[in-house]
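What follows is a single structure, written as structure tokens, with notes after it.
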Amino acid sequence: MGRVKMARERNEKVWEEIRKKVEELKYGNVIITIHDGRIVQVETSTKQRFD
């Protein structure tokens with residue numbers, strides 16, 4: 001498997017994970033950490049609101 005194809009597949013998995021985390025949140029944050037132009041970490045924090 002070529003290097004470019006492997007990177008593309010990795011990117012697709014990363015973006016799918018980000019989409020999943022955003023869809024799961026009602027209130028909160030998704031924080032994406034980037035090093036050298038690559039996404040290396042995705043964090044979520046949730047908030048509980050009492051209206």
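Residues are referred to by chain and number: the chain letter is A, B, ... according to the order shown in the structure tokens, the number counts from 1 in that chain, and ligands are numbered separately from 1 in the order shown.
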Exercise for review: Would you return as an MDAnalysis selection string the members of chain A that DSSP assigns to helix (DSSP H, G or I) on this structure's backbone?
Suggested key: chainID A and resid 3:24
Writer output for current selection, C-alpha atoms, as a compact mmCIF listing (two decimals), in the first residue's frame:
# COMPACT_ATOMS: atom_id res chain seq x y z
CA ARG A 3 2.31 6.04 1.52
CA VAL A 4 -0.18 8.56 0.12
CA LYS A 5 -3.01 6.03 0.23
CA MET A 6 -2.20 5.13 3.85
CA ALA A 7 -2.18 8.82 4.83
CA ARG A 8 -5.49 9.40 3.06
CA GLU A 9 -7.11 6.45 4.87
CA ARG A 10 -5.76 7.70 8.20
CA ASN A 11 -7.17 11.18 7.51
CA GLU A 12 -10.58 9.71 6.67
CA LYS A 13 -10.61 7.80 9.98
CA VAL A 14 -9.56 10.92 11.91
CA TRP A 15 -12.28 13.09 10.33
CA GLU A 16 -14.89 10.38 10.88
CA GLU A 17 -13.95 10.30 14.57
CA ILE A 18 -14.24 14.10 14.78
CA ARG A 19 -17.69 14.00 13.11
CA LYS A 20 -18.78 11.29 15.55
CA LYS A 21 -17.66 13.30 18.57
CA VAL A 22 -19.45 16.44 17.34
CA GLU A 23 -22.67 14.53 16.69
CA GLU A 24 -22.59 12.99 20.19
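Summary of the local environment: counting only C-alpha atoms, residues at most 9 Å from Ile31 (chain A), other than itself and those fewer than 3 positions away along its chain, are A:Gln41, A:Val42, A:Glu43, A:Thr44, A:Ser45.
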Selection export as a short mmCIF file (atom, residue, chain, number, x, y, z; two decimals), in the first residue's frame, atoms kept: all heavy atoms:
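Writing done, so here's out-v8.cif:
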data_model
loop_
_atom_site.label_atom_id
_atom_site.label_comp_id
_atom_site.auth_asym_id
_atom_site.auth_seq_id
_atom_site.Cartn_x
_atom_site.Cartn_y
_atom_site.Cartn_z
N GLN A 41 -4.39 14.70 18.11
CA GLN A 41 -5.21 14.42 19.28
C GLN A 41 -6.56 15.11 19.13
O GLN A 41 -6.64 16.21 18.59
CB GLN A 41 -4.50 14.96 20.53
CG GLN A 41 -5.19 14.69 21.82
CD GLN A 41 -4.31 15.09 22.99
OE1 GLN A 41 -3.11 14.86 22.98
NE2 GLN A 41 -4.90 15.71 23.98
N VAL A 42 -7.60 14.44 19.61
CA VAL A 42 -8.94 15.01 19.64
C VAL A 42 -9.50 14.81 21.04
O VAL A 42 -9.51 13.70 21.55
CB VAL A 42 -9.87 14.35 18.60
CG1 VAL A 42 -11.27 14.93 18.68
CG2 VAL A 42 -9.31 14.50 17.20
N GLU A 43 -9.93 15.90 21.66
CA GLU A 43 -10.48 15.84 23.01
C GLU A 43 -11.90 16.39 23.00
O GLU A 43 -12.21 17.28 22.21
CB GLU A 43 -9.68 16.73 23.97
CG GLU A 43 -8.25 16.35 24.16
CD GLU A 43 -7.56 17.38 25.05
OE1 GLU A 43 -7.99 17.54 26.21
OE2 GLU A 43 -6.62 18.01 24.56
N THR A 44 -12.74 15.87 23.88
CA THR A 44 -14.07 16.43 24.05
C THR A 44 -14.30 16.74 25.51
O THR A 44 -13.76 16.07 26.39
CB THR A 44 -15.17 15.48 23.57
OG1 THR A 44 -15.08 14.26 24.28
CG2 THR A 44 -15.08 15.22 22.08
N SER A 45 -15.06 17.77 25.75
CA SER A 45 -15.53 18.04 27.10
C SER A 45 -17.02 18.33 26.99
O SER A 45 -17.48 18.95 26.03
CB SER A 45 -14.80 19.22 27.72
OG SER A 45 -15.07 20.40 27.01
#
Exercise for review: Would you please extract all strand (DSSP E) residues from chain A, as assigned by DSSP on the backbone, and give them as a PyMOL selection string?
Suggested key: chain A and resi 28-35+38-46
Could those selected residues go to a file with all heavy atoms, as a short mmCIF file (atom, residue, chain, number, x, y, z; two decimals), in the first residue's frame?
data_model
loop_
_atom_site.label_atom_id
_atom_site.label_comp_id
_atom_site.auth_asym_id
_atom_site.auth_seq_id
_atom_site.Cartn_x
_atom_site.Cartn_y
_atom_site.Cartn_z
N GLY A 28 -20.86 21.40 24.69
CA GLY A 28 -19.48 21.09 25.03
C GLY A 28 -18.51 21.57 23.97
O GLY A 28 -18.82 22.41 23.15
N ASN A 29 -17.32 21.00 24.01
CA ASN A 29 -16.24 21.40 23.11
C ASN A 29 -15.57 20.18 22.50
O ASN A 29 -15.47 19.13 23.14
CB ASN A 29 -15.15 22.16 23.89
CG ASN A 29 -15.68 23.39 24.56
OD1 ASN A 29 -16.24 24.26 23.92
ND2 ASN A 29 -15.51 23.46 25.87
N VAL A 30 -15.11 20.36 21.27
CA VAL A 30 -14.22 19.39 20.64
C VAL A 30 -12.93 20.16 20.37
O VAL A 30 -12.94 21.18 19.70
CB VAL A 30 -14.80 18.82 19.33
CG1 VAL A 30 -13.80 17.91 18.64
CG2 VAL A 30 -16.11 18.09 19.59
N ILE A 31 -11.84 19.67 20.94
CA ILE A 31 -10.55 20.34 20.79
C ILE A 31 -9.65 19.46 19.92
O ILE A 31 -9.44 18.28 20.22
CB ILE A 31 -9.90 20.57 22.17
CG1 ILE A 31 -10.83 21.41 23.04
CG2 ILE A 31 -8.53 21.23 22.02
CD1 ILE A 31 -10.45 21.43 24.50
N ILE A 32 -9.14 20.04 18.85
CA ILE A 32 -8.27 19.32 17.92
C ILE A 32 -6.86 19.85 18.10
O ILE A 32 -6.62 21.05 17.97
CB ILE A 32 -8.74 19.52 16.47
CG1 ILE A 32 -10.18 19.03 16.31
CG2 ILE A 32 -7.81 18.81 15.49
CD1 ILE A 32 -10.83 19.43 15.01
N THR A 33 -5.92 18.97 18.41
CA THR A 33 -4.52 19.35 18.59
C THR A 33 -3.74 18.98 17.33
O THR A 33 -3.83 17.84 16.86
CB THR A 33 -3.91 18.64 19.82
OG1 THR A 33 -4.71 18.95 20.96
CG2 THR A 33 -2.48 19.08 20.05
N ILE A 34 -2.98 19.93 16.83
CA ILE A 34 -2.22 19.74 15.59
C ILE A 34 -0.74 19.97 15.85
O ILE A 34 -0.36 20.93 16.51
CB ILE A 34 -2.72 20.72 14.50
CG1 ILE A 34 -4.20 20.46 14.23
CG2 ILE A 34 -1.89 20.61 13.23
CD1 ILE A 34 -4.86 21.49 13.37
N HIS A 35 0.10 19.07 15.37
CA HIS A 35 1.56 19.19 15.43
C HIS A 35 2.10 18.97 14.03
O HIS A 35 1.74 18.00 13.37
CB HIS A 35 2.15 18.13 16.36
CG HIS A 35 1.93 18.40 17.81
ND1 HIS A 35 2.86 18.11 18.76
CD2 HIS A 35 0.88 18.95 18.47
CE1 HIS A 35 2.40 18.45 19.94
NE2 HIS A 35 1.19 18.96 19.79
N ARG A 38 -0.35 18.05 11.28
CA ARG A 38 -1.13 16.81 11.36
C ARG A 38 -1.96 16.80 12.64
O ARG A 38 -1.48 17.24 13.68
CB ARG A 38 -0.21 15.59 11.39
CG ARG A 38 0.53 15.37 10.08
CD ARG A 38 1.45 14.16 10.13
NE ARG A 38 0.74 12.99 10.62
CZ ARG A 38 1.31 12.00 11.29
NH1 ARG A 38 2.59 12.03 11.56
NH2 ARG A 38 0.59 10.97 11.70
N ILE A 39 -3.17 16.29 12.55
CA ILE A 39 -4.00 16.12 13.74
C ILE A 39 -3.43 14.98 14.54
O ILE A 39 -3.27 13.87 14.03
CB ILE A 39 -5.47 15.84 13.36
CG1 ILE A 39 -6.05 17.03 12.60
CG2 ILE A 39 -6.30 15.52 14.60
CD1 ILE A 39 -7.42 16.78 12.01
N VAL A 40 -3.09 15.26 15.80
CA VAL A 40 -2.49 14.23 16.64
C VAL A 40 -3.37 13.86 17.83
O VAL A 40 -3.13 12.84 18.48
CB VAL A 40 -1.09 14.64 17.14
CG1 VAL A 40 -0.12 14.75 15.97
CG2 VAL A 40 -1.14 15.92 17.94
N GLN A 41 -4.39 14.70 18.11
CA GLN A 41 -5.21 14.42 19.28
C GLN A 41 -6.56 15.11 19.13
O GLN A 41 -6.64 16.21 18.59
CB GLN A 41 -4.50 14.96 20.53
CG GLN A 41 -5.19 14.69 21.82
CD GLN A 41 -4.31 15.09 22.99
OE1 GLN A 41 -3.11 14.86 22.98
NE2 GLN A 41 -4.90 15.71 23.98
N VAL A 42 -7.60 14.44 19.61
CA VAL A 42 -8.94 15.01 19.64
C VAL A 42 -9.50 14.81 21.04
O VAL A 42 -9.51 13.70 21.55
CB VAL A 42 -9.87 14.35 18.60
CG1 VAL A 42 -11.27 14.93 18.68
CG2 VAL A 42 -9.31 14.50 17.20
N GLU A 43 -9.93 15.90 21.66
CA GLU A 43 -10.48 15.84 23.01
C GLU A 43 -11.90 16.39 23.00
O GLU A 43 -12.21 17.28 22.21
CB GLU A 43 -9.68 16.73 23.97
CG GLU A 43 -8.25 16.35 24.16
CD GLU A 43 -7.56 17.38 25.05
OE1 GLU A 43 -7.99 17.54 26.21
OE2 GLU A 43 -6.62 18.01 24.56
N THR A 44 -12.74 15.87 23.88
CA THR A 44 -14.07 16.43 24.05
C THR A 44 -14.30 16.74 25.51
O THR A 44 -13.76 16.07 26.39
CB THR A 44 -15.17 15.48 23.57
OG1 THR A 44 -15.08 14.26 24.28
CG2 THR A 44 -15.08 15.22 22.08
N SER A 45 -15.06 17.77 25.75
CA SER A 45 -15.53 18.04 27.10
C SER A 45 -17.02 18.33 26.99
O SER A 45 -17.48 18.95 26.03
CB SER A 45 -14.80 19.22 27.72
OG SER A 45 -15.07 20.40 27.01
N THR A 46 -17.76 17.81 27.93
CA THR A 46 -19.21 18.01 27.90
C THR A 46 -19.61 18.95 29.02
O THR A 46 -18.92 19.06 30.04
CB THR A 46 -19.95 16.67 28.06
OG1 THR A 46 -19.56 16.07 29.29
CG2 THR A 46 -19.64 15.74 26.92
#
Can you pull out every residue within 8 Å of Tyr27 (chain A), counting only C-alpha atoms, but drop anything in the same chain fewer than 6 positions away, and send it as a short mmCIF file (atom, residue, chain, number, x, y, z; two decimals) with N, CA and C atoms, in the first residue's frame?
data_model
loop_
_atom_site.label_atom_id
_atom_site.label_comp_id
_atom_site.auth_asym_id
_atom_site.auth_seq_id
_atom_site.Cartn_x
_atom_site.Cartn_y
_atom_site.Cartn_z
N THR A 46 -17.76 17.81 27.93
CA THR A 46 -19.21 18.01 27.90
C THR A 46 -19.61 18.95 29.02
N LYS A 47 -20.72 19.61 28.82
CA LYS A 47 -21.25 20.51 29.82
C LYS A 47 -22.68 20.10 30.13
N GLN A 48 -23.02 20.20 31.38
CA GLN A 48 -24.38 19.90 31.79
C GLN A 48 -25.07 21.23 32.06
N ARG A 49 -26.15 21.48 31.35
CA ARG A 49 -26.87 22.75 31.53
C ARG A 49 -28.17 22.50 32.28
#
